[in-house]
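Here is the structure we will look at.
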Amino acid sequence: MTSIGGILGQRLLTDLKPGMEAIIVSVELDEGLRARMAALGFLPGQLVRLIRQAPWGGPLQVRIGTTDVILRNLDAQAVRVAS
């Protein structure tokens, strides 16, 4: 299990494999992008499921509730989750 920031069980959203679920811990982006992500449902405590990831570091399709969102890999790397 990966440890980020010394807290066991935390990992980046990009570390999940398709079909895996985790709880969002934090979104570490600048204020504008963080607000946009929050509007899409990326809030601490929310359950997120990785549906699929494009090859070679491409975008990720994730599900929050009943909403599917496509994220750039760079933005997904800013989302910390716990499983």
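Labels used: A, B, ... for chains in the order of the structure tokens, numbers from 1 for residues in each chain, and numbers from 1 for ligands as shown.
The environment of Arg34 (chain A) within 12 Å, counting only C-alpha atoms and disregarding residues fewer than 4 places along the same chain, consists of Ser26, Val27, Glu28, Leu29, Asp30, Ala38, Ala39, Leu40, Gly41, Phe42, Leu43, Pro44, Asp75, Ala76, Ala78 and Val79 of chain A.
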Dump as JSON lines the rows for residues of region 19-62 of chain A within 6 Å of region 66-73 of chain A: closest atom pair and distance in Å with one decimal, only C-alpha atoms counted, ordered by chain and rising residue number.
{"residue": "A:Gly58", "atom": "CA", "partner": "A:Asn73", "partner_atom": "CA", "distance": 6.0}
{"residue": "A:Pro59", "atom": "CA", "partner": "A:Arg72", "partner_atom": "CA", "distance": 4.5}
{"residue": "A:Leu60", "atom": "CA", "partner": "A:Leu71", "partner_atom": "CA", "distance": 5.2}
{"residue": "A:Gln61", "atom": "CA", "partner": "A:Ile70", "partner_atom": "CA", "distance": 4.5}
{"residue": "A:Val62", "atom": "CA", "partner": "A:Val69", "partner_atom": "CA", "distance": 5.4}
- prompt: Tell me, which residues of chain A carry DSSP strand (DSSP E or B), written as an NGL selection string?
  reply: :A and (3-4 or 7-8 or 10-12 or 21-27 or 47-53 or 60-64 or 67-71 or 79-82)
Give me, as a Markdown table, the closest atom pair and its distance (Å, one decimal) for every residue of region 41-72 of chain A within a cut-off of 6 Å of region 14-22 of chain A, counting only C-alpha atoms, rows sorted by chain and rising number.
| residue | atom | partner | partner_atom | distance |
| --- | --- | --- | --- | --- |
| A:Leu47 | CA | A:Ala22 | CA | 5.7 |
| A:Val48 | CA | A:Ala22 | CA | 5.5 |
| A:Arg49 | CA | A:Glu21 | CA | 4.3 |
| A:Leu50 | CA | A:Pro18 | CA | 5.0 |
| A:Ile51 | CA | A:Pro18 | CA | 5.1 |
| A:Arg52 | CA | A:Pro18 | CA | 5.1 |
